[in-house]
Amino acid sequence: MKSSKILAASLAGVAALSLAACSETSASGGSFRAANTTMVVPFAAGGGSDVSGRTVAQGLEAATGVNITAENREGGNGAVGYSYFLGQQGNGNTLLAAETSLLTLPIAQDVEFDYTSFTPIMKLGDDYTLMVVRADSPYTTCDQVVEAARTERVVAAVSGAVSLDEVVFSLVEQDQGVEFDRVPYESGGEVVAGLLGEQVDIASLNPSEVVGQLESGDMRALCAFSEERYAYEELADIPTAGEQGINVAFAQFRGFIAPGGIPEDATTFWIDAAEDFAESEEYKAYIEDNYMQPNVAYGDEFADYLGTASTELEAVFAK
Amino acid sequence: MLDNLLLGFQTAMTWENLVWCLVGVLLGTVIGLLPGLGSTTGVAVLLPLTFTFEPVTALIMLAGIYYGAQYGGTITSVLIATPGEAASVVTTLDGYQMAKQGRAGAALAIAAIGSFIAAIISLALLMGLAPPLAGLALEFGPAENLAIMILGLVIVVSFQGGAFVRGALMAAAGLLLATVGIAAGSGEARFTFGNVDLLSGIPFVEVMIGLFALGEVFHQIRMGAEKPIRARFKDMVIRPREVAKSMPSILRGSGIGFFLGMLPGAGSTLASFISYGIERRVSRNRDNFGKGAIEGVASPESANNAAANANFVPTLALGIPGGATTAVLLGAFTIYGLQPGPLLFEQQPDLVWGLLVSFFVGNVLLLVLNLPLAPVFAQMLRIPYGYLYPLIILTSCIGAYSVSNNMFSVWVVLIFGVIGFVLKELDLPIAPLVLGLVLGPLFEKALVQTSAVGDGSLAVLFTRPIALGILVCAAALIAVPRITGALLKGRKENQKESVTQ
């Protein structure tokens, strides 16, 4: 069972922690000394960012022996947390659990940061979305939804003005020349309730948010907005949007960043720690439990990814 | 059903789970007691400690923190008029008055008894009917939520009986304050003046601490050195007659609390306000409300505890969080490798039933702890004000700082402390302001969503039967007292005329 696996992983983590604590000085070096570290989570406790931030904090703690505590600084679709983080310039002992709002906020809202203000450390992986409908919905494929939107009102739920589902629906609209009406919600859980309560017709959610409803048969997945089909057994039968003639694939990244202007050896320290974390059972369990893709990238490679994704998103919000 | 209960008891009654349940409810009581530190933060902070536990043990402890905090939040509301949680705001209205009369012990005891009865009722409903109730809760979309918010505001505005205008004024001020921050739906920043801290709005926990705790301290200082409350032990213990008298209020509070708690979004704060408002109208003792009526403590405390339990209806039956704390608990499910969703009851019966039975165990523990402790806590009021006031100011500031580790919060507390003082001097009611601020963002979200569902029109409010029904109730609440009042007045005048004739 998964739980026993995690238990074993945690025990291994505790063991690693005590070992690492003995060799802490040799792990760091140069002018940067890792001390008690804060992992800023720019969203409320309980959401996807929170889970990811806390998992990473645990994993890095095991890898480095440094005490890492997660701290939620939510509000303004993430703007509050990132703005606070901007003020931590040069402090190598703070980290932030980042996701796509790092890129969408500077494009769509008036904030003082963009991705170049920070030091990218590690991209944990990618999380695609599925277009889902209620079990009794007339639609069975994504192109039926698009065809319906040409002649009638199709209402989509979105979980925020700059959220991943907003991006995905906008991409579909641009690719197909249709328009969906939106009902704004504030979390994936609210979207699920709205869809099940017949308030909206379609939603685009991460697999981890709907897999329970798919398994129970309360919802159906029409297509995955990914380049290739999922390798996970539960999701392998879901066709990609591309197979249905809709040229849209977009993944939310999850990862963590450090403030801008930190010493070079601090960057190296965290990247080394991240590489150790990526080898751990905890990392594998996190990726698998959340049906994500383990596409890791570190440092400059992560920065390149952010640049490409940002350009892509600018086109989405430029309409 | 019986098999499941048996399975639940087998899981919950192991030594390990019993001990952690006790640890959870104790921690929860302390967390609820501290101003600023709510159950959501408490559960999130303590979550990492449970990673090495068996999932069911971890969830039992975390859930214990959650409902333990509901009990703890009451203590400071009653003793020093400082609600530990938003759901205990209304409790201050009569609870603090009781404390001033030396009856804090009785107020705390009835809160514990009410909470316990509410927990048992809601637990029975949760065990027997969670899946169908969750289906019913889904019927409540944006339009219905909007109607409930309107009803809530109407009820609170009419709290003060005759002072309808004052209540409306303060509720409106609360709604106005709630417009600061990122707008629901569009994501635009409003009234933030470039201040990052204001992006998430004016934080209501800090506002609450300022208005209630500091406002009351300033007010008392202005009143001059009042003698410490005289609390005789005889008055500290609740009388059986008082428990009997409060039963109808407890039962109504439990019902209202359970219903509102199972709707995702509405939550226990609204439940406590609405049940208090209804009690004010229907209770036999309604004339004493606001002056230390024991029903005024029993009703909101039963409602917020029932709502806390009912939050688990959508959480366990659908995998949709019922509130902020249950959202954190759902996050914990995934960390333990469990898949929340409609199949949880089938796939993890030992976990679900073990957890539910642990609620029962936890609430028994809380009752056993709180009843004898009520008079003990009440003794705190014997501390002379010269020592008590600095203590309240200090804990308020620390509590505020701990909410977000930010000096901004402390400033909010101090500013609203002064505002609270001024409001008291002007005899303006504070509770409607707090509810306005708490409901504001929810109200706006429901408004934006309703108009989006209705393609730009709010007409859906009137075409959906449930929403319409709730709106009619709200309208009746405003209109009926006025009409009956006018009729009574007319009759009196007739009588006068016939007398003079």
# chains A, B, ... in the order shown; residues from 1 in each chain; ligands from 1
call {"tool": "interface_residues", "arguments": {"of": "chain B", "to": "chain A", "cutoff": "6 Å", "atoms": "only C-alpha atoms", "output": "ChimeraX atom specification"}}
result
/B:52,138-139,182,185-187,199-200,320,327-328,331,336-337,341,343,449,452
call {"tool": "residues_around", "arguments": {"residues": "segment 256-268 of chain A", "least_positions_apart": "2", "cutoff": "9 Å", "atoms": "only C-alpha atoms", "output": "PDB file with N, CA and C atoms, in the first residue's frame"}}
result
ATOM      1  N   SER A  28      27.844  22.274   3.219  1.00  0.00           N
ATOM      2  CA  SER A  28      27.925  23.654   2.764  1.00  0.00           C
ATOM      3  C   SER A  28      29.403  23.968   2.514  1.00  0.00           C
ATOM      4  N   GLY A  29      29.781  25.169   2.586  1.00  0.00           N
ATOM      5  CA  GLY A  29      31.160  25.494   2.252  1.00  0.00           C
ATOM      6  C   GLY A  29      31.175  26.841   1.593  1.00  0.00           C
ATOM      7  N   GLY A  30      32.288  27.448   1.430  1.00  0.00           N
ATOM      8  CA  GLY A  30      32.335  28.785   0.875  1.00  0.00           C
ATOM      9  C   GLY A  30      31.752  29.762   1.871  1.00  0.00           C
ATOM     10  N   SER A  31      31.256  30.884   1.382  1.00  0.00           N
ATOM     11  CA  SER A  31      30.795  31.932   2.290  1.00  0.00           C
ATOM     12  C   SER A  31      29.378  31.676   2.788  1.00  0.00           C
ATOM     13  N   PHE A  32      28.581  30.853   2.041  1.00  0.00           N
ATOM     14  CA  PHE A  32      27.199  30.622   2.413  1.00  0.00           C
ATOM     15  C   PHE A  32      27.099  29.522   3.452  1.00  0.00           C
ATOM     16  N   ARG A  33      26.415  29.819   4.546  1.00  0.00           N
ATOM     17  CA  ARG A  33      26.146  28.781   5.547  1.00  0.00           C
ATOM     18  C   ARG A  33      24.646  28.593   5.645  1.00  0.00           C
ATOM     19  N   ALA A  34      24.217  27.397   5.332  1.00  0.00           N
ATOM     20  CA  ALA A  34      22.784  27.127   5.405  1.00  0.00           C
ATOM     21  C   ALA A  34      22.359  27.085   6.869  1.00  0.00           C
ATOM     22  N   MET A  39      10.390  27.940   3.871  1.00  0.00           N
ATOM     23  CA  MET A  39       9.822  27.664   2.551  1.00  0.00           C
ATOM     24  C   MET A  39       8.502  28.428   2.461  1.00  0.00           C
ATOM     25  N   GLY A  53       4.967  22.404  -1.458  1.00  0.00           N
ATOM     26  CA  GLY A  53       5.935  23.123  -0.624  1.00  0.00           C
ATOM     27  C   GLY A  53       6.363  22.313   0.586  1.00  0.00           C
ATOM     28  N   VAL A  56       8.564  19.267  -0.471  1.00  0.00           N
ATOM     29  CA  VAL A  56       9.920  19.692  -0.801  1.00  0.00           C
ATOM     30  C   VAL A  56      10.684  20.062   0.472  1.00  0.00           C
ATOM     31  N   PHE A  85       8.492  37.674  -1.023  1.00  0.00           N
ATOM     32  CA  PHE A  85       9.731  36.997  -1.391  1.00  0.00           C
ATOM     33  C   PHE A  85      10.704  37.955  -2.078  1.00  0.00           C
ATOM     34  N   LEU A  86      10.135  38.889  -2.836  1.00  0.00           N
ATOM     35  CA  LEU A  86      10.954  39.903  -3.510  1.00  0.00           C
ATOM     36  C   LEU A  86      11.759  40.690  -2.487  1.00  0.00           C
ATOM     37  N   GLY A  87      11.181  40.897  -1.319  1.00  0.00           N
ATOM     38  CA  GLY A  87      11.859  41.632  -0.255  1.00  0.00           C
ATOM     39  C   GLY A  87      12.954  40.824   0.432  1.00  0.00           C
ATOM     40  N   GLN A  88      13.079  39.544   0.080  1.00  0.00           N
ATOM     41  CA  GLN A  88      14.091  38.688   0.702  1.00  0.00           C
ATOM     42  C   GLN A  88      15.373  38.615  -0.119  1.00  0.00           C
ATOM     43  N   GLN A  89      15.478  39.512  -1.113  1.00  0.00           N
ATOM     44  CA  GLN A  89      16.676  39.639  -1.967  1.00  0.00           C
ATOM     45  C   GLN A  89      17.969  39.295  -1.209  1.00  0.00           C
ATOM     46  N   GLY A  90      18.742  38.346  -1.759  1.00  0.00           N
ATOM     47  CA  GLY A  90      20.058  38.046  -1.179  1.00  0.00           C
ATOM     48  C   GLY A  90      20.036  37.085  -0.004  1.00  0.00           C
ATOM     49  N   ASN A  91      18.846  36.710   0.486  1.00  0.00           N
ATOM     50  CA  ASN A  91      18.751  35.812   1.638  1.00  0.00           C
ATOM     51  C   ASN A  91      18.676  34.356   1.157  1.00  0.00           C
ATOM     52  N   GLY A  92      19.796  33.660   1.263  1.00  0.00           N
ATOM     53  CA  GLY A  92      19.853  32.282   0.775  1.00  0.00           C
ATOM     54  C   GLY A  92      19.118  31.291   1.656  1.00  0.00           C
ATOM     55  N   ASN A  93      18.577  31.761   2.765  1.00  0.00           N
ATOM     56  CA  ASN A  93      17.864  30.855   3.668  1.00  0.00           C
ATOM     57  C   ASN A  93      16.353  31.008   3.591  1.00  0.00           C
ATOM     58  N   THR A  94      15.866  31.505   2.452  1.00  0.00           N
ATOM     59  CA  THR A  94      14.430  31.433   2.191  1.00  0.00           C
ATOM     60  C   THR A  94      14.247  30.804   0.819  1.00  0.00           C
ATOM     61  N   LEU A  95      13.180  30.040   0.681  1.00  0.00           N
ATOM     62  CA  LEU A  95      12.831  29.414  -0.591  1.00  0.00           C
ATOM     63  C   LEU A  95      11.349  29.649  -0.809  1.00  0.00           C
ATOM     64  N   LEU A  96      10.876  29.415  -2.035  1.00  0.00           N
ATOM     65  CA  LEU A  96       9.446  29.592  -2.292  1.00  0.00           C
ATOM     66  C   LEU A  96       8.960  28.478  -3.206  1.00  0.00           C
ATOM     67  N   ALA A  97       7.815  27.892  -2.844  1.00  0.00           N
ATOM     68  CA  ALA A  97       7.209  26.840  -3.663  1.00  0.00           C
ATOM     69  C   ALA A  97       6.467  27.510  -4.811  1.00  0.00           C
ATOM     70  N   ALA A  98       7.031  27.417  -6.010  1.00  0.00           N
ATOM     71  CA  ALA A  98       6.500  28.180  -7.133  1.00  0.00           C
ATOM     72  C   ALA A  98       5.681  27.299  -8.064  1.00  0.00           C
ATOM     73  N   GLU A  99       4.746  27.908  -8.767  1.00  0.00           N
ATOM     74  CA  GLU A  99       4.083  27.254  -9.890  1.00  0.00           C
ATOM     75  C   GLU A  99       3.719  28.327 -10.915  1.00  0.00           C
ATOM     76  N   THR A 116      12.484  36.732 -13.624  1.00  0.00           N
ATOM     77  CA  THR A 116      13.910  37.069 -13.599  1.00  0.00           C
ATOM     78  C   THR A 116      14.325  37.718 -12.269  1.00  0.00           C
ATOM     79  N   SER A 117      13.326  38.080 -11.424  1.00  0.00           N
ATOM     80  CA  SER A 117      13.666  38.682 -10.129  1.00  0.00           C
ATOM     81  C   SER A 117      14.209  37.649  -9.145  1.00  0.00           C
ATOM     82  N   PHE A 118      14.062  36.365  -9.472  1.00  0.00           N
ATOM     83  CA  PHE A 118      14.399  35.322  -8.504  1.00  0.00           C
ATOM     84  C   PHE A 118      15.463  34.365  -9.071  1.00  0.00           C
ATOM     85  N   THR A 119      15.948  33.473  -8.225  1.00  0.00           N
ATOM     86  CA  THR A 119      16.923  32.459  -8.648  1.00  0.00           C
ATOM     87  C   THR A 119      16.221  31.103  -8.752  1.00  0.00           C
ATOM     88  N   PRO A 120      15.980  30.615  -9.978  1.00  0.00           N
ATOM     89  CA  PRO A 120      15.321  29.315 -10.113  1.00  0.00           C
ATOM     90  C   PRO A 120      16.223  28.207  -9.591  1.00  0.00           C
ATOM     91  N   ILE A 121      15.696  27.309  -8.796  1.00  0.00           N
ATOM     92  CA  ILE A 121      16.496  26.198  -8.274  1.00  0.00           C
ATOM     93  C   ILE A 121      16.078  24.888  -8.934  1.00  0.00           C
ATOM     94  N   MET A 122      14.826  24.488  -8.704  1.00  0.00           N
ATOM     95  CA  MET A 122      14.421  23.178  -9.222  1.00  0.00           C
ATOM     96  C   MET A 122      12.990  23.178  -9.734  1.00  0.00           C
ATOM     97  N   LYS A 123      12.824  22.620 -10.923  1.00  0.00           N
ATOM     98  CA  LYS A 123      11.492  22.324 -11.421  1.00  0.00           C
ATOM     99  C   LYS A 123      11.215  20.874 -11.050  1.00  0.00           C
ATOM    100  N   LEU A 124      10.160  20.680 -10.245  1.00  0.00           N
ATOM    101  CA  LEU A 124       9.860  19.332  -9.748  1.00  0.00           C
ATOM    102  C   LEU A 124       9.269  18.443 -10.825  1.00  0.00           C
ATOM    103  N   ARG A 254       5.616  22.750 -11.343  1.00  0.00           N
ATOM    104  CA  ARG A 254       5.786  22.982  -9.912  1.00  0.00           C
ATOM    105  C   ARG A 254       7.269  22.911  -9.617  1.00  0.00           C
ATOM    106  N   TRP A 270      21.667  24.624  -2.832  1.00  0.00           N
ATOM    107  CA  TRP A 270      20.278  24.200  -2.967  1.00  0.00           C
ATOM    108  C   TRP A 270      20.087  23.288  -4.171  1.00  0.00           C
ATOM    109  N   ILE A 271      20.846  23.556  -5.255  1.00  0.00           N
ATOM    110  CA  ILE A 271      20.711  22.662  -6.423  1.00  0.00           C
ATOM    111  C   ILE A 271      21.212  21.262  -6.069  1.00  0.00           C
ATOM    112  N   ASP A 272      22.319  21.178  -5.360  1.00  0.00           N
ATOM    113  CA  ASP A 272      22.815  19.864  -4.918  1.00  0.00           C
ATOM    114  C   ASP A 272      21.767  19.151  -4.066  1.00  0.00           C
ATOM    115  N   ALA A 273      21.198  19.907  -3.131  1.00  0.00           N
ATOM    116  CA  ALA A 273      20.177  19.329  -2.256  1.00  0.00           C
ATOM    117  C   ALA A 273      18.987  18.854  -3.075  1.00  0.00           C
ATOM    118  N   GLY A 299      18.419  24.940 -11.907  1.00  0.00           N
ATOM    119  CA  GLY A 299      19.156  26.186 -12.171  1.00  0.00           C
ATOM    120  C   GLY A 299      18.873  26.813 -13.525  1.00  0.00           C
TER     121      GLY A 299
END
call {"tool": "select_by_dssp", "arguments": {"residues": "segment 135-172 of chain B", "states": "alpha helix (DSSP H)", "output": "NGL selection string"}}
result
:B and (135-138 or 142-157 or 164-172)
call {"tool": "residues_around", "arguments": {"residues": "Gly72 of chain B", "least_positions_apart": "6", "cutoff": "12 Å", "atoms": "only C-alpha atoms", "output": "PDB file with N, CA and C atoms, in the first residue's frame"}}
result
ATOM      1  N   VAL B  25      -7.173  16.895  21.038  1.00  0.00           N
ATOM      2  CA  VAL B  25      -8.182  17.806  21.585  1.00  0.00           C
ATOM      3  C   VAL B  25      -7.562  18.793  22.579  1.00  0.00           C
ATOM      4  N   LEU B  26      -6.522  18.349  23.304  1.00  0.00           N
ATOM      5  CA  LEU B  26      -5.848  19.273  24.230  1.00  0.00           C
ATOM      6  C   LEU B  26      -5.150  20.384  23.453  1.00  0.00           C
ATOM      7  N   LEU B  27      -4.387  19.989  22.431  1.00  0.00           N
ATOM      8  CA  LEU B  27      -3.715  20.979  21.597  1.00  0.00           C
ATOM      9  C   LEU B  27      -4.740  21.924  20.974  1.00  0.00           C
ATOM     10  N   GLY B  28      -5.849  21.328  20.497  1.00  0.00           N
ATOM     11  CA  GLY B  28      -6.888  22.133  19.869  1.00  0.00           C
ATOM     12  C   GLY B  28      -7.454  23.165  20.828  1.00  0.00           C
ATOM     13  N   THR B  29      -7.699  22.753  22.077  1.00  0.00           N
ATOM     14  CA  THR B  29      -8.239  23.682  23.063  1.00  0.00           C
ATOM     15  C   THR B  29      -7.282  24.863  23.257  1.00  0.00           C
ATOM     16  N   VAL B  30      -5.987  24.549  23.375  1.00  0.00           N
ATOM     17  CA  VAL B  30      -5.004  25.614  23.564  1.00  0.00           C
ATOM     18  C   VAL B  30      -4.953  26.532  22.336  1.00  0.00           C
ATOM     19  N   ILE B  31      -4.971  25.906  21.146  1.00  0.00           N
ATOM     20  CA  ILE B  31      -4.898  26.693  19.908  1.00  0.00           C
ATOM     21  C   ILE B  31      -6.117  27.600  19.771  1.00  0.00           C
ATOM     22  N   GLY B  32      -7.292  27.059  20.108  1.00  0.00           N
ATOM     23  CA  GLY B  32      -8.503  27.859  20.036  1.00  0.00           C
ATOM     24  C   GLY B  32      -8.488  29.000  21.038  1.00  0.00           C
ATOM     25  N   LEU B  33      -7.816  28.749  22.148  1.00  0.00           N
ATOM     26  CA  LEU B  33      -7.758  29.720  23.231  1.00  0.00           C
ATOM     27  C   LEU B  33      -6.935  30.946  22.847  1.00  0.00           C
ATOM     28  N   LEU B  34      -5.859  30.721  22.081  1.00  0.00           N
ATOM     29  CA  LEU B  34      -4.967  31.824  21.740  1.00  0.00           C
ATOM     30  C   LEU B  34      -5.588  32.667  20.652  1.00  0.00           C
ATOM     31  N   PRO B  35      -5.708  33.974  20.885  1.00  0.00           N
ATOM     32  CA  PRO B  35      -6.267  34.806  19.827  1.00  0.00           C
ATOM     33  C   PRO B  35      -5.333  34.785  18.623  1.00  0.00           C
ATOM     34  N   LEU B  37      -4.358  32.450  16.587  1.00  0.00           N
ATOM     35  CA  LEU B  37      -4.019  31.105  16.142  1.00  0.00           C
ATOM     36  C   LEU B  37      -5.302  30.299  16.021  1.00  0.00           C
ATOM     37  N   GLY B  38      -5.738  30.044  14.794  1.00  0.00           N
ATOM     38  CA  GLY B  38      -6.974  29.295  14.602  1.00  0.00           C
ATOM     39  C   GLY B  38      -6.686  27.845  14.286  1.00  0.00           C
ATOM     40  N   SER B  39      -7.762  27.050  14.106  1.00  0.00           N
ATOM     41  CA  SER B  39      -7.565  25.627  13.875  1.00  0.00           C
ATOM     42  C   SER B  39      -6.872  25.364  12.541  1.00  0.00           C
ATOM     43  N   GLY B  64      -8.920  16.089  15.934  1.00  0.00           N
ATOM     44  CA  GLY B  64      -9.069  16.471  17.343  1.00  0.00           C
ATOM     45  C   GLY B  64      -8.692  17.921  17.555  1.00  0.00           C
ATOM     46  N   ILE B  65      -7.624  18.359  16.906  1.00  0.00           N
ATOM     47  CA  ILE B  65      -7.220  19.761  17.002  1.00  0.00           C
ATOM     48  C   ILE B  65      -8.350  20.658  16.496  1.00  0.00           C
ATOM     49  N   TYR B  66      -8.938  20.226  15.377  1.00  0.00           N
ATOM     50  CA  TYR B  66      -9.975  21.031  14.730  1.00  0.00           C
ATOM     51  C   TYR B  66     -11.177  21.253  15.661  1.00  0.00           C
ATOM     52  N   VAL B  78     -15.808  34.414  26.335  1.00  0.00           N
ATOM     53  CA  VAL B  78     -16.610  34.622  27.535  1.00  0.00           C
ATOM     54  C   VAL B  78     -15.830  35.454  28.563  1.00  0.00           C
ATOM     55  N   LEU B  79     -14.575  35.082  28.802  1.00  0.00           N
ATOM     56  CA  LEU B  79     -13.852  35.703  29.904  1.00  0.00           C
ATOM     57  C   LEU B  79     -13.439  37.140  29.626  1.00  0.00           C
ATOM     58  N   THR B  82     -12.833  38.367  23.991  1.00  0.00           N
ATOM     59  CA  THR B  82     -11.941  38.258  22.842  1.00  0.00           C
ATOM     60  C   THR B  82     -12.130  36.906  22.186  1.00  0.00           C
ATOM     61  N   PRO B  83     -12.827  36.861  21.042  1.00  0.00           N
ATOM     62  CA  PRO B  83     -13.078  35.571  20.419  1.00  0.00           C
ATOM     63  C   PRO B  83     -11.779  34.945  19.922  1.00  0.00           C
ATOM     64  N   GLY B  84     -11.563  33.669  20.249  1.00  0.00           N
ATOM     65  CA  GLY B  84     -10.388  32.963  19.758  1.00  0.00           C
ATOM     66  C   GLY B  84     -10.533  32.640  18.283  1.00  0.00           C
ATOM     67  N   GLU B  85     -11.768  32.489  17.807  1.00  0.00           N
ATOM     68  CA  GLU B  85     -12.039  32.199  16.405  1.00  0.00           C
ATOM     69  C   GLU B  85     -13.255  33.009  15.971  1.00  0.00           C
ATOM     70  N   ALA B  87     -15.857  32.104  14.600  1.00  0.00           N
ATOM     71  CA  ALA B  87     -17.118  31.440  14.905  1.00  0.00           C
ATOM     72  C   ALA B  87     -17.572  31.685  16.341  1.00  0.00           C
ATOM     73  N   SER B  88     -16.705  32.264  17.174  1.00  0.00           N
ATOM     74  CA  SER B  88     -17.094  32.542  18.555  1.00  0.00           C
ATOM     75  C   SER B  88     -17.408  34.015  18.794  1.00  0.00           C
ATOM     76  N   LEU B 108     -19.338  28.997  30.354  1.00  0.00           N
ATOM     77  CA  LEU B 108     -18.402  28.041  29.760  1.00  0.00           C
ATOM     78  C   LEU B 108     -18.976  26.631  29.809  1.00  0.00           C
ATOM     79  N   ALA B 111     -21.639  26.199  27.171  1.00  0.00           N
ATOM     80  CA  ALA B 111     -20.996  26.125  25.859  1.00  0.00           C
ATOM     81  C   ALA B 111     -20.466  24.714  25.625  1.00  0.00           C
ATOM     82  N   ALA B 112     -19.857  24.132  26.663  1.00  0.00           N
ATOM     83  CA  ALA B 112     -19.310  22.776  26.513  1.00  0.00           C
ATOM     84  C   ALA B 112     -20.426  21.763  26.326  1.00  0.00           C
ATOM     85  N   SER B 115     -22.011  22.298  22.880  1.00  0.00           N
ATOM     86  CA  SER B 115     -21.112  21.804  21.842  1.00  0.00           C
ATOM     87  C   SER B 115     -21.143  20.287  21.785  1.00  0.00           C
ATOM     88  N   GLU B 301     -22.812  28.439  20.239  1.00  0.00           N
ATOM     89  CA  GLU B 301     -21.759  27.451  20.474  1.00  0.00           C
ATOM     90  C   GLU B 301     -22.158  26.078  19.958  1.00  0.00           C
ATOM     91  N   ASN B 305     -20.180  24.243  16.593  1.00  0.00           N
ATOM     92  CA  ASN B 305     -19.632  22.897  16.685  1.00  0.00           C
ATOM     93  C   ASN B 305     -20.318  21.930  15.718  1.00  0.00           C
ATOM     94  N   LEU B 366     -13.579  16.109  25.589  1.00  0.00           N
ATOM     95  CA  LEU B 366     -13.667  17.564  25.733  1.00  0.00           C
ATOM     96  C   LEU B 366     -14.692  17.959  26.785  1.00  0.00           C
ATOM     97  N   LEU B 367     -15.812  17.235  26.798  1.00  0.00           N
ATOM     98  CA  LEU B 367     -16.838  17.548  27.789  1.00  0.00           C
ATOM     99  C   LEU B 367     -16.302  17.281  29.195  1.00  0.00           C
ATOM    100  N   LEU B 369     -13.263  17.232  30.162  1.00  0.00           N
ATOM    101  CA  LEU B 369     -12.229  18.204  30.497  1.00  0.00           C
ATOM    102  C   LEU B 369     -12.821  19.570  30.811  1.00  0.00           C
ATOM    103  N   ASN B 370     -13.782  19.986  29.980  1.00  0.00           N
ATOM    104  CA  ASN B 370     -14.245  21.365  30.046  1.00  0.00           C
ATOM    105  C   ASN B 370     -15.191  21.638  31.214  1.00  0.00           C
ATOM    106  N   LEU B 373     -13.251  22.187  34.333  1.00  0.00           N
ATOM    107  CA  LEU B 373     -12.294  23.280  34.147  1.00  0.00           C
ATOM    108  C   LEU B 373     -12.983  24.635  34.043  1.00  0.00           C
ATOM    109  N   ALA B 374     -14.288  24.628  33.691  1.00  0.00           N
ATOM    110  CA  ALA B 374     -14.991  25.900  33.482  1.00  0.00           C
ATOM    111  C   ALA B 374     -14.858  26.832  34.692  1.00  0.00           C
ATOM    112  N   PHE B 377     -11.173  28.091  34.930  1.00  0.00           N
ATOM    113  CA  PHE B 377     -10.865  29.170  33.985  1.00  0.00           C
ATOM    114  C   PHE B 377     -11.492  30.476  34.451  1.00  0.00           C
TER     115      PHE B 377
END
call {"tool": "residues_around", "arguments": {"residues": "Ala459 of chain B", "least_positions_apart": "6", "cutoff": "10 Å", "atoms": "only C-alpha atoms", "output": "PyMOL selection string"}}
result
chain B and resi 143+450-451
call {"tool": "atom_distance", "arguments": {"atom1": "atom CA of Ala231 of chain A", "atom2": "atom CA of Phe169 of chain A"}}
result
23.7 Å
call {"tool": "closest_residue", "arguments": {"among": "B:Thr11, B:Ser77, B:Thr91, B:Asn494", "to": "Glu54 of chain B", "atoms": "only C-alpha atoms"}}
result
B:Thr11
call {"tool": "residues_around", "arguments": {"residues": "Ile294 of chain B", "least_positions_apart": "6", "cutoff": "8 Å", "atoms": "only C-alpha atoms", "output": "ChimeraX atom specification"}}
result
/B:94-95,98,107,110,242,246
call {"tool": "write_last_selection", "arguments": {"atoms": "C-alpha atoms", "output": "PDB file, in the first residue's frame"}}
result
ATOM      1  CA  ASP B  94     -24.063  37.236  26.041  1.00  0.00           C
ATOM      2  CA  GLY B  95     -21.079  35.254  27.299  1.00  0.00           C
ATOM      3  CA  MET B  98     -22.593  36.621  31.985  1.00  0.00           C
ATOM      4  CA  ALA B 107     -21.415  30.245  30.435  1.00  0.00           C
ATOM      5  CA  ILE B 110     -23.295  25.518  28.840  1.00  0.00           C
ATOM      6  CA  GLU B 242     -30.322  26.243  33.266  1.00  0.00           C
ATOM      7  CA  SER B 246     -31.168  25.913  27.170  1.00  0.00           C
TER       8      SER B 246
END
call {"tool": "select_by_dssp", "arguments": {"residues": "segment 194-297 of chain A", "states": "strand (DSSP E)", "output": "MDAnalysis selection string"}}
result
chainID A and resid 202:205 219:224 252:259 297
call {"tool": "atom_distance", "arguments": {"atom1": "atom CA of Gly42 of chain B", "atom2": "atom CA of Phe408 of chain B"}}
result
20.9 Å
call {"tool": "atom_distance", "arguments": {"atom1": "atom CA of Asn145 of chain B", "atom2": "atom CA of Ala446 of chain B"}}
result
6.3 Å
call {"tool": "residues_around", "arguments": {"residues": "Met13 of chain B", "least_positions_apart": "6", "cutoff": "9 Å", "atoms": "only C-alpha atoms", "output": "VMD selection string"}}
result
chain B and resid 354 357 to 358 361
call {"tool": "write_last_selection", "arguments": {"atoms": "C-alpha atoms", "output": "CSV table (one decimal), in the first residue's frame"}}
result
chain,number,residue,atom,x,y,z
B,354,GLY,CA,-12.4,5.0,12.9
B,357,VAL,CA,-15.9,7.2,16.1
B,358,SER,CA,-12.9,9.2,17.3
B,361,VAL,CA,-14.5,9.9,21.8
call {"tool": "closest_residue", "arguments": {"among": "A:Tyr283, A:Phe250, A:Phe277, A:Phe43", "to": "Ser170 of chain A", "atoms": "only C-alpha atoms"}}
result
A:Phe250
